[in-house]
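Asker: Coordinates in protein36.cif, mmCIF, N, CA and C atoms and all ligand atoms, are listed below.
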data_target
#
loop_
_atom_site.label_atom_id
_atom_site.label_comp_id
_atom_site.auth_asym_id
_atom_site.auth_seq_id
_atom_site.Cartn_x
_atom_site.Cartn_y
_atom_site.Cartn_z
N MET A 12 -1.26 -11.65 -28.75
CA MET A 12 -1.98 -12.77 -28.14
C MET A 12 -3.31 -12.26 -27.61
N PRO A 13 -4.43 -12.85 -28.05
CA PRO A 13 -5.74 -12.41 -27.55
C PRO A 13 -5.86 -12.64 -26.05
N VAL A 14 -6.53 -11.70 -25.39
CA VAL A 14 -6.65 -11.77 -23.93
C VAL A 14 -7.37 -13.03 -23.50
N ALA A 15 -8.37 -13.49 -24.31
CA ALA A 15 -9.15 -14.67 -23.94
C ALA A 15 -8.29 -15.93 -23.88
N GLU A 16 -7.16 -15.96 -24.61
CA GLU A 16 -6.30 -17.14 -24.61
C GLU A 16 -5.34 -17.18 -23.44
N LEU A 17 -5.30 -16.08 -22.70
CA LEU A 17 -4.33 -16.00 -21.60
C LEU A 17 -4.79 -16.83 -20.42
N ARG A 18 -3.83 -17.43 -19.77
CA ARG A 18 -4.11 -18.17 -18.55
C ARG A 18 -3.37 -17.46 -17.44
N ALA A 19 -4.13 -16.86 -16.54
CA ALA A 19 -3.52 -16.04 -15.49
C ALA A 19 -2.70 -16.91 -14.54
N PRO A 20 -1.49 -16.48 -14.22
CA PRO A 20 -0.67 -17.23 -13.27
C PRO A 20 -1.15 -16.93 -11.85
N SER A 21 -0.72 -17.74 -10.89
CA SER A 21 -1.03 -17.41 -9.50
C SER A 21 -0.27 -16.13 -9.15
N THR A 22 -0.77 -15.44 -8.15
CA THR A 22 -0.11 -14.18 -7.77
C THR A 22 1.30 -14.44 -7.24
N ILE A 23 1.49 -15.55 -6.56
CA ILE A 23 2.82 -15.89 -6.04
C ILE A 23 3.79 -16.14 -7.20
N ARG A 24 3.32 -16.89 -8.20
CA ARG A 24 4.18 -17.19 -9.35
C ARG A 24 4.52 -15.92 -10.13
N ALA A 25 3.50 -15.08 -10.35
CA ALA A 25 3.74 -13.82 -11.06
C ALA A 25 4.71 -12.95 -10.27
N GLY A 26 4.56 -12.96 -8.94
CA GLY A 26 5.44 -12.15 -8.10
C GLY A 26 6.87 -12.65 -8.11
N LEU A 27 7.04 -13.94 -7.92
CA LEU A 27 8.39 -14.49 -7.88
C LEU A 27 9.12 -14.32 -9.21
N ARG A 28 8.38 -14.38 -10.31
CA ARG A 28 9.00 -14.23 -11.63
C ARG A 28 9.03 -12.78 -12.09
N CYS A 29 8.38 -11.88 -11.32
CA CYS A 29 8.29 -10.46 -11.66
C CYS A 29 7.67 -10.27 -13.05
N ARG A 30 6.56 -10.95 -13.26
CA ARG A 30 5.89 -10.92 -14.56
C ARG A 30 4.49 -10.33 -14.44
N CYS A 31 3.90 -10.11 -15.59
CA CYS A 31 2.56 -9.54 -15.70
C CYS A 31 1.55 -10.41 -14.94
N PRO A 32 0.66 -9.81 -14.13
CA PRO A 32 -0.31 -10.61 -13.39
C PRO A 32 -1.42 -11.19 -14.27
N ARG A 33 -1.59 -10.68 -15.49
CA ARG A 33 -2.65 -11.20 -16.36
C ARG A 33 -2.16 -12.36 -17.23
N CYS A 34 -1.01 -12.20 -17.90
CA CYS A 34 -0.56 -13.25 -18.81
C CYS A 34 0.60 -14.08 -18.23
N GLY A 35 1.31 -13.53 -17.25
CA GLY A 35 2.41 -14.26 -16.64
C GLY A 35 3.66 -14.30 -17.51
N GLU A 36 3.68 -13.58 -18.61
CA GLU A 36 4.82 -13.62 -19.53
C GLU A 36 5.54 -12.27 -19.65
N GLY A 37 4.78 -11.19 -19.76
CA GLY A 37 5.39 -9.87 -19.96
C GLY A 37 6.13 -9.38 -18.73
N LYS A 38 7.13 -8.56 -18.98
CA LYS A 38 7.91 -8.01 -17.87
C LYS A 38 7.10 -6.96 -17.12
N LEU A 39 7.22 -6.98 -15.80
CA LEU A 39 6.50 -6.00 -14.98
C LEU A 39 7.34 -4.74 -14.77
N PHE A 40 8.66 -4.89 -14.69
CA PHE A 40 9.53 -3.75 -14.35
C PHE A 40 10.29 -3.28 -15.58
N ARG A 41 10.50 -1.94 -15.65
CA ARG A 41 11.37 -1.41 -16.70
C ARG A 41 12.74 -1.08 -16.12
N SER A 42 12.86 -0.96 -14.80
CA SER A 42 14.14 -0.87 -14.11
C SER A 42 13.96 -1.56 -12.76
N PHE A 43 14.91 -1.41 -11.85
CA PHE A 43 14.87 -2.21 -10.63
C PHE A 43 13.51 -2.17 -9.92
N LEU A 44 12.99 -0.99 -9.65
CA LEU A 44 11.70 -0.91 -8.97
C LEU A 44 10.67 -0.07 -9.73
N LYS A 45 11.00 0.38 -10.92
CA LYS A 45 10.05 1.15 -11.74
C LYS A 45 9.19 0.18 -12.54
N ILE A 46 7.89 0.35 -12.39
CA ILE A 46 6.96 -0.51 -13.10
C ILE A 46 6.78 0.03 -14.52
N ALA A 47 6.77 -0.86 -15.49
CA ALA A 47 6.58 -0.47 -16.89
C ALA A 47 5.19 0.12 -17.08
N GLU A 48 4.98 0.80 -18.20
CA GLU A 48 3.67 1.40 -18.46
C GLU A 48 2.63 0.35 -18.81
N ARG A 49 3.04 -0.66 -19.57
CA ARG A 49 2.11 -1.73 -19.93
C ARG A 49 2.88 -3.02 -20.21
N CYS A 50 2.14 -4.11 -20.21
CA CYS A 50 2.75 -5.41 -20.46
C CYS A 50 3.21 -5.49 -21.92
N ASP A 51 4.42 -5.97 -22.15
CA ASP A 51 4.92 -6.06 -23.52
C ASP A 51 4.39 -7.30 -24.25
N ARG A 52 3.64 -8.14 -23.58
CA ARG A 52 3.06 -9.32 -24.24
C ARG A 52 1.55 -9.18 -24.46
N CYS A 53 0.80 -8.84 -23.40
CA CYS A 53 -0.66 -8.78 -23.54
C CYS A 53 -1.20 -7.35 -23.55
N GLY A 54 -0.37 -6.38 -23.25
CA GLY A 54 -0.80 -4.98 -23.32
C GLY A 54 -1.53 -4.48 -22.10
N LEU A 55 -1.54 -5.25 -21.01
CA LEU A 55 -2.23 -4.80 -19.79
C LEU A 55 -1.63 -3.47 -19.32
N ASP A 56 -2.50 -2.49 -19.10
CA ASP A 56 -2.08 -1.18 -18.62
C ASP A 56 -1.76 -1.29 -17.11
N TYR A 57 -0.53 -0.97 -16.75
CA TYR A 57 -0.12 -1.11 -15.35
C TYR A 57 -0.41 0.14 -14.52
N SER A 58 -1.23 1.06 -15.03
CA SER A 58 -1.46 2.29 -14.27
C SER A 58 -2.20 2.03 -12.95
N PHE A 59 -2.84 0.88 -12.83
CA PHE A 59 -3.53 0.54 -11.56
C PHE A 59 -2.53 0.20 -10.46
N ALA A 60 -1.31 -0.14 -10.86
CA ALA A 60 -0.33 -0.69 -9.91
C ALA A 60 0.28 0.40 -9.05
N ASP A 61 -0.04 0.38 -7.79
CA ASP A 61 0.55 1.34 -6.85
C ASP A 61 0.60 0.72 -5.46
N PRO A 62 1.59 -0.13 -5.20
CA PRO A 62 1.67 -0.73 -3.88
C PRO A 62 2.27 0.19 -2.82
N ALA A 63 2.64 1.41 -3.21
CA ALA A 63 3.17 2.43 -2.28
C ALA A 63 4.34 1.89 -1.46
N ASP A 64 4.26 2.03 -0.14
CA ASP A 64 5.35 1.60 0.74
C ASP A 64 5.21 0.15 1.19
N GLY A 65 4.19 -0.54 0.72
CA GLY A 65 3.94 -1.92 1.14
C GLY A 65 5.14 -2.84 0.98
N PRO A 66 5.75 -2.89 -0.22
CA PRO A 66 6.90 -3.80 -0.39
C PRO A 66 8.04 -3.50 0.57
N ALA A 67 8.37 -2.23 0.73
CA ALA A 67 9.48 -1.86 1.62
C ALA A 67 9.17 -2.27 3.06
N PHE A 68 7.95 -2.03 3.49
CA PHE A 68 7.58 -2.38 4.86
C PHE A 68 7.66 -3.89 5.10
N PHE A 69 7.05 -4.66 4.21
CA PHE A 69 7.03 -6.10 4.42
C PHE A 69 8.43 -6.71 4.32
N VAL A 70 9.22 -6.24 3.36
CA VAL A 70 10.58 -6.78 3.20
C VAL A 70 11.45 -6.40 4.39
N MET A 71 11.37 -5.14 4.78
CA MET A 71 12.17 -4.66 5.91
C MET A 71 11.81 -5.43 7.18
N SER A 72 10.52 -5.63 7.40
CA SER A 72 10.09 -6.35 8.60
C SER A 72 10.51 -7.81 8.55
N GLY A 73 10.23 -8.47 7.45
CA GLY A 73 10.53 -9.90 7.34
C GLY A 73 12.01 -10.19 7.41
N VAL A 74 12.79 -9.49 6.60
CA VAL A 74 14.24 -9.72 6.58
C VAL A 74 14.84 -9.28 7.91
N GLY A 75 14.38 -8.18 8.45
CA GLY A 75 14.90 -7.70 9.73
C GLY A 75 14.69 -8.70 10.85
N ILE A 76 13.50 -9.23 10.93
CA ILE A 76 13.20 -10.21 11.99
C ILE A 76 14.02 -11.48 11.79
N LEU A 77 14.07 -11.96 10.57
CA LEU A 77 14.79 -13.21 10.28
C LEU A 77 16.29 -13.08 10.55
N VAL A 78 16.89 -12.03 10.01
CA VAL A 78 18.34 -11.85 10.18
C VAL A 78 18.67 -11.58 11.65
N THR A 79 17.86 -10.81 12.32
CA THR A 79 18.11 -10.52 13.72
C THR A 79 17.99 -11.79 14.57
N ALA A 80 17.03 -12.64 14.25
CA ALA A 80 16.88 -13.89 15.00
C ALA A 80 18.09 -14.79 14.81
N VAL A 81 18.55 -14.91 13.57
CA VAL A 81 19.73 -15.76 13.30
C VAL A 81 20.97 -15.14 13.94
N TRP A 82 21.06 -13.83 13.86
CA TRP A 82 22.20 -13.12 14.46
C TRP A 82 22.22 -13.36 15.98
N ALA A 83 21.08 -13.21 16.62
CA ALA A 83 21.02 -13.40 18.08
C ALA A 83 21.39 -14.83 18.45
N TRP A 84 20.85 -15.78 17.71
CA TRP A 84 21.17 -17.19 18.00
C TRP A 84 22.67 -17.45 17.83
N ALA A 85 23.23 -16.97 16.71
CA ALA A 85 24.65 -17.20 16.43
C ALA A 85 25.54 -16.47 17.44
N ALA A 86 25.14 -15.30 17.84
CA ALA A 86 25.95 -14.53 18.80
C ALA A 86 26.03 -15.24 20.14
N PHE A 87 24.91 -15.83 20.59
CA PHE A 87 24.94 -16.55 21.86
C PHE A 87 25.59 -17.92 21.72
N GLU A 88 25.38 -18.56 20.59
CA GLU A 88 25.89 -19.91 20.40
C GLU A 88 27.40 -19.95 20.17
N PHE A 89 27.89 -19.04 19.32
CA PHE A 89 29.30 -19.09 18.91
C PHE A 89 30.16 -17.97 19.47
N ARG A 90 29.56 -16.94 20.00
CA ARG A 90 30.27 -15.77 20.54
C ARG A 90 31.36 -15.28 19.57
N PRO A 91 30.97 -14.91 18.34
CA PRO A 91 31.97 -14.43 17.38
C PRO A 91 32.44 -13.03 17.74
N PRO A 92 33.64 -12.65 17.29
CA PRO A 92 34.12 -11.27 17.53
C PRO A 92 33.20 -10.27 16.83
N ILE A 93 33.23 -9.05 17.33
CA ILE A 93 32.28 -8.03 16.83
C ILE A 93 32.50 -7.76 15.34
N TRP A 94 33.76 -7.80 14.89
CA TRP A 94 34.00 -7.51 13.46
C TRP A 94 33.36 -8.58 12.56
N VAL A 95 33.31 -9.81 13.04
CA VAL A 95 32.65 -10.87 12.27
C VAL A 95 31.15 -10.59 12.18
N GLN A 96 30.60 -10.11 13.28
CA GLN A 96 29.18 -9.79 13.28
C GLN A 96 28.88 -8.66 12.30
N PHE A 97 29.76 -7.64 12.28
CA PHE A 97 29.55 -6.52 11.34
C PHE A 97 29.61 -6.98 9.89
N VAL A 98 30.58 -7.81 9.56
CA VAL A 98 30.76 -8.19 8.16
C VAL A 98 29.77 -9.27 7.71
N THR A 99 29.03 -9.83 8.64
CA THR A 99 28.02 -10.81 8.22
C THR A 99 26.59 -10.25 8.31
N VAL A 100 26.30 -9.52 9.37
CA VAL A 100 24.92 -9.08 9.59
C VAL A 100 24.52 -7.97 8.62
N PHE A 101 25.35 -6.95 8.45
CA PHE A 101 24.96 -5.84 7.55
C PHE A 101 24.78 -6.31 6.12
N PRO A 102 25.72 -7.07 5.55
CA PRO A 102 25.46 -7.56 4.19
C PRO A 102 24.23 -8.46 4.11
N ALA A 103 23.98 -9.24 5.15
CA ALA A 103 22.79 -10.10 5.13
C ALA A 103 21.52 -9.26 5.12
N MET A 104 21.51 -8.19 5.92
CA MET A 104 20.34 -7.30 5.96
C MET A 104 20.15 -6.62 4.61
N ILE A 105 21.20 -6.00 4.10
CA ILE A 105 21.10 -5.25 2.84
C ILE A 105 20.82 -6.19 1.67
N GLY A 106 21.57 -7.26 1.59
CA GLY A 106 21.37 -8.21 0.49
C GLY A 106 20.00 -8.86 0.53
N GLY A 107 19.57 -9.22 1.72
CA GLY A 107 18.25 -9.84 1.85
C GLY A 107 17.14 -8.89 1.42
N CYS A 108 17.25 -7.63 1.81
CA CYS A 108 16.23 -6.64 1.42
C CYS A 108 16.24 -6.42 -0.09
N LEU A 109 17.43 -6.25 -0.67
CA LEU A 109 17.51 -6.02 -2.11
C LEU A 109 17.00 -7.22 -2.91
N ALA A 110 17.27 -8.41 -2.41
CA ALA A 110 16.84 -9.61 -3.13
C ALA A 110 15.33 -9.80 -3.08
N CYS A 111 14.70 -9.39 -2.00
CA CYS A 111 13.27 -9.64 -1.82
C CYS A 111 12.38 -8.49 -2.29
N LEU A 112 12.95 -7.31 -2.49
CA LEU A 112 12.11 -6.14 -2.78
C LEU A 112 11.35 -6.26 -4.10
N GLN A 113 12.00 -6.66 -5.16
CA GLN A 113 11.34 -6.74 -6.46
C GLN A 113 10.25 -7.82 -6.50
N PRO A 114 10.53 -9.04 -6.05
CA PRO A 114 9.44 -10.04 -6.03
C PRO A 114 8.28 -9.63 -5.13
N MET A 115 8.58 -8.98 -4.00
CA MET A 115 7.50 -8.55 -3.10
C MET A 115 6.63 -7.50 -3.78
N LYS A 116 7.26 -6.54 -4.47
CA LYS A 116 6.49 -5.51 -5.17
C LYS A 116 5.66 -6.15 -6.29
N ALA A 117 6.26 -7.08 -7.02
CA ALA A 117 5.53 -7.76 -8.11
C ALA A 117 4.35 -8.56 -7.55
N TRP A 118 4.53 -9.19 -6.40
CA TRP A 118 3.45 -9.97 -5.80
C TRP A 118 2.31 -9.04 -5.36
N LEU A 119 2.65 -7.90 -4.74
CA LEU A 119 1.60 -6.97 -4.31
C LEU A 119 0.85 -6.39 -5.50
N VAL A 120 1.55 -6.12 -6.60
CA VAL A 120 0.89 -5.64 -7.82
C VAL A 120 -0.06 -6.72 -8.35
N ALA A 121 0.39 -7.97 -8.34
CA ALA A 121 -0.46 -9.07 -8.80
C ALA A 121 -1.70 -9.20 -7.90
N GLU A 122 -1.53 -9.03 -6.61
CA GLU A 122 -2.68 -9.07 -5.70
C GLU A 122 -3.63 -7.91 -5.96
N GLN A 123 -3.06 -6.72 -6.25
CA GLN A 123 -3.91 -5.58 -6.60
C GLN A 123 -4.72 -5.88 -7.85
N TYR A 124 -4.09 -6.49 -8.83
CA TYR A 124 -4.77 -6.80 -10.08
C TYR A 124 -5.88 -7.83 -9.86
N VAL A 125 -5.59 -8.88 -9.15
CA VAL A 125 -6.56 -9.95 -8.94
C VAL A 125 -7.76 -9.47 -8.13
N HIS A 126 -7.49 -8.68 -7.10
CA HIS A 126 -8.57 -8.22 -6.22
C HIS A 126 -9.13 -6.86 -6.62
N LYS A 127 -8.67 -6.35 -7.78
CA LYS A 127 -9.14 -5.04 -8.28
C LYS A 127 -9.05 -3.97 -7.20
N ALA A 128 -7.97 -4.01 -6.44
CA ALA A 128 -7.78 -3.04 -5.36
C ALA A 128 -7.39 -1.69 -5.93
N GLY A 129 -7.90 -0.66 -5.34
CA GLY A 129 -7.57 0.69 -5.77
C GLY A 129 -7.76 1.65 -4.62
N GLU A 130 -7.53 2.89 -4.93
CA GLU A 130 -7.68 3.92 -3.92
C GLU A 130 -9.15 4.05 -3.55
N GLY A 131 -9.45 4.26 -2.30
CA GLY A 131 -10.82 4.42 -1.86
C GLY A 131 -11.40 5.74 -2.35
N HIS A 132 -12.69 5.73 -2.69
CA HIS A 132 -13.36 6.95 -3.14
C HIS A 132 -14.60 7.16 -2.29
N TRP A 133 -14.83 8.39 -1.87
CA TRP A 133 -15.98 8.73 -1.07
C TRP A 133 -17.20 8.86 -1.97
N ALA A 134 -18.24 8.14 -1.64
CA ALA A 134 -19.49 8.25 -2.37
C ALA A 134 -20.50 8.95 -1.47
N SER A 135 -20.90 10.14 -1.87
CA SER A 135 -21.82 10.93 -1.06
C SER A 135 -23.20 10.29 -1.02
N THR A 136 -23.85 10.42 0.10
CA THR A 136 -25.23 9.92 0.23
C THR A 136 -26.21 11.06 0.04
N GLY A 137 -25.75 12.21 -0.39
CA GLY A 137 -26.64 13.35 -0.63
C GLY A 137 -26.34 14.47 0.34
N SER A 138 -26.88 15.64 0.05
CA SER A 138 -26.69 16.79 0.93
C SER A 138 -27.58 16.66 2.15
N HIS A 139 -27.37 17.51 3.12
CA HIS A 139 -28.18 17.49 4.33
C HIS A 139 -29.65 17.70 3.99
N GLY A 140 -30.49 16.81 4.38
CA GLY A 140 -31.91 16.94 4.14
C GLY A 140 -32.37 16.36 2.81
N GLU A 141 -31.46 15.90 1.99
CA GLU A 141 -31.84 15.31 0.71
C GLU A 141 -31.53 13.82 0.70
N GLY A 142 -32.39 13.06 0.15
CA GLY A 142 -32.14 11.65 -0.13
C GLY A 142 -31.30 10.96 0.93
N GLY A 143 -30.51 10.04 0.50
CA GLY A 143 -29.60 9.34 1.39
C GLY A 143 -30.30 8.35 2.28
N PHE A 144 -31.07 8.83 3.23
CA PHE A 144 -31.72 7.95 4.17
C PHE A 144 -33.15 7.67 3.74
N THR A 145 -33.48 6.43 3.67
CA THR A 145 -34.87 6.08 3.36
C THR A 145 -35.38 5.18 4.48
N TYR A 146 -36.64 5.35 4.77
CA TYR A 146 -37.26 4.58 5.83
C TYR A 146 -38.06 3.46 5.23
N ASP A 147 -37.76 2.26 5.63
CA ASP A 147 -38.46 1.10 5.13
C ASP A 147 -39.74 0.93 5.93
N ARG A 148 -40.88 1.10 5.24
CA ARG A 148 -42.15 1.05 5.95
C ARG A 148 -42.81 -0.32 5.89
N ARG A 149 -42.12 -1.30 5.33
CA ARG A 149 -42.72 -2.63 5.28
C ARG A 149 -43.01 -3.13 6.70
N GLY A 150 -44.19 -3.60 6.87
CA GLY A 150 -44.55 -4.17 8.15
C GLY A 150 -45.02 -3.12 9.16
N VAL A 151 -45.05 -1.87 8.74
CA VAL A 151 -45.49 -0.82 9.65
C VAL A 151 -46.89 -0.40 9.24
N SER A 152 -47.79 -0.34 10.16
CA SER A 152 -49.17 0.01 9.85
C SER A 152 -49.29 1.49 9.51
N ASP A 153 -50.15 1.80 8.55
CA ASP A 153 -50.37 3.18 8.16
C ASP A 153 -51.41 3.87 9.07
N ARG A 154 -52.05 3.09 9.91
CA ARG A 154 -53.06 3.69 10.78
C ARG A 154 -52.38 4.51 11.85
N ARG A 155 -52.95 5.66 12.08
CA ARG A 155 -52.40 6.53 13.11
C ARG A 155 -53.06 6.19 14.45
N ALA A 156 -52.33 6.29 15.45
CA ALA A 156 -52.89 6.05 16.78
C ALA A 156 -53.34 7.39 17.32
N ASP A 157 -54.68 7.64 17.23
CA ASP A 157 -55.21 8.92 17.72
C ASP A 157 -55.72 8.82 19.13
ZN ZN B 1 0.68 -9.44 -19.75
#
Here is the file; what I need is its structure written in the form of structure tokens.
Ligand SMILES: [Zn+2]
Answerer:
Amino acid sequence: MPVAELRAPSTIRAGLRCRCPRCGEGKLFRSFLKIAERCDRCGLDYSFADPADGPAFFVMSGVGILVTAVWAWAAFEFRPPIWVQFVTVFPAMIGGCLACLQPMKAWLVAEQYVHKAGEGHWASTGSHGEGGFTYDRRGVSDRRAD
């Protein structure tokens, strides 16, 4: 499929479906959290994709806050025995994190693609005493005050 014919999906849609951010059709993952080398539909090279710890942080924070809030409300409202809390809260935390991790990673990769985000690179302004700083003389008189 020629790249010009592709219609890019929204980043949310690409993330939720775990699909290529350019064509929205190709698979993004080759295993649970391993990103494929390239899109199997449009050939987009996924080497730019590196969300690092972002997905884990956002999923852990979001699911943790949500499950803890529901747990606290239910604990005060219904006063369940501790064993009920163990068998409901831990699976909710683990299951919630596992369910959200892949779409979150796919969404962050799609955002990286759309915003052309990458690792920062230092651009030198020159060595000490060379170039870099220029003085704008517009509006400044060349006459010396003697
Ligand atoms: Zn693609």
Asker: Within 6 Å of ligand ZN 1 (chain B), which residues of chain A show up? Give each one with its shortest atom-to-atom distance in Å (one decimal) and the two atoms involved, counting only N, CA and C atoms and all ligand atoms, rows by chain then rising residue number, as CSV.
Answerer:
residue,atom,partner,partner_atom,distance
A:Cys31,CA,B:ZN1,ZN,4.5
A:Pro32,N,B:ZN1,ZN,5.6
A:Arg33,C,B:ZN1,ZN,4.8
A:Cys34,N,B:ZN1,ZN,3.7
A:Gly35,N,B:ZN1,ZN,4.8
A:Glu36,N,B:ZN1,ZN,5.2
A:Gly37,N,B:ZN1,ZN,4.5
A:Cys50,CA,B:ZN1,ZN,4.6
A:Asp51,N,B:ZN1,ZN,5.6
A:Arg52,C,B:ZN1,ZN,4.8
A:Cys53,N,B:ZN1,ZN,3.7
A:Gly54,N,B:ZN1,ZN,4.8
A:Leu55,N,B:ZN1,ZN,4.9
Asker: Tell me, counting only C-alpha atoms, for each residue of stretch 40-84 of chain A within 7 Å of stretch 105-112 of chain A, which pair of atoms is nearest and how far apart they are in Å to one decimal, in rows ordered by chain and increasing number, as CSV.
Answerer:
residue,atom,partner,partner_atom,distance
A:Pro66,CA,A:Leu112,CA,6.2
A:Ala67,CA,A:Leu112,CA,6.7
A:Val70,CA,A:Cys108,CA,5.9
A:Met71,CA,A:Cys108,CA,6.4
A:Val74,CA,A:Gly107,CA,6.2
Asker: Near A:Ala60, within 8 Å and counting only N, CA and C atoms, which residues show up once chain neighbours fewer than 2 positions away are dropped, as a ChimeraX atom specification?
Answerer: /A:46,56-58,62-63,119-121,123-124,128
Asker: Within stretch 36-133 of chain A, find each residue whose DSSP state, derived from the backbone, is helix (DSSP H, G or I), and express the selection as a VMD selection string.
Answerer: chain A and resid 57 to 59 65 to 89 93 to 125
Asker: Would you please work out which residue, of A:Trp82, A:Gly129, A:Gln113, A:Lys38, is nearest to A:Phe59 when using all atoms listed in the file?
Answerer: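 Distance minimum relative to A:Phe59 lands on A:Gly129.
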Asker: Based on DSSP run over this structure's backbone, return all residues of stretch 19-116 of chain A in strand (DSSP E or B), as a short mmCIF file (atom, residue, chain, number, x, y, z; two decimals) with N, CA and C atoms, in the frame of the given file.
Answerer:
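Okay, this is what ended up in states.cif:
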data_model
loop_
_atom_site.label_atom_id
_atom_site.label_comp_id
_atom_site.auth_asym_id
_atom_site.auth_seq_id
_atom_site.Cartn_x
_atom_site.Cartn_y
_atom_site.Cartn_z
N ARG A 30 6.56 -10.95 -13.26
CA ARG A 30 5.89 -10.92 -14.56
C ARG A 30 4.49 -10.33 -14.44
N LYS A 38 7.13 -8.56 -18.98
CA LYS A 38 7.91 -8.01 -17.87
C LYS A 38 7.10 -6.96 -17.12
N PHE A 40 8.66 -4.89 -14.69
CA PHE A 40 9.53 -3.75 -14.35
C PHE A 40 10.29 -3.28 -15.58
N ILE A 46 7.89 0.35 -12.39
CA ILE A 46 6.96 -0.51 -13.10
C ILE A 46 6.78 0.03 -14.52
N ARG A 49 3.04 -0.66 -19.57
CA ARG A 49 2.11 -1.73 -19.93
C ARG A 49 2.88 -3.02 -20.21
N ASP A 56 -2.50 -2.49 -19.10
CA ASP A 56 -2.08 -1.18 -18.62
C ASP A 56 -1.76 -1.29 -17.11
#
Asker: Padding of 5 Å on every side, edges along x, y and z, all listed atoms of stretch 58-65 of chain A included: what centre and edge lengths in Å, to one decimal, does that box have, as lines of an AutoDock Vina configuration file?
Answerer:
center_x = 0.9
center_y = -0.2
center_z = -6.9
size_x = 18.9
size_y = 15.3
size_z = 26.2
Asker: One number please: atom CA of A:Phe68 to atom CA of A:Phe97, in Å, one decimal.
Answerer: 23.3 Å
Asker: I want to know what sits within 7 Å of A:Ile23, based on all atoms listed in the file, with residues of the same chain fewer than 4 positions away left out; could you give that as a PyMOL selection string?
Answerer: chain A and resi 27-28+118
Asker: In Å, with one decimal, what is the gap from atom N of A:Leu44 to atom C of A:Glu122?
Answerer: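 One can read the atom N of A:Leu44 to atom C of A:Glu122 distance as 18.4 Å.
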Asker: Mind pulling up the distance from atom N of A:Met104 to atom N of A:Val78?
Answerer: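 Those two atoms sit 7.3 Å apart.
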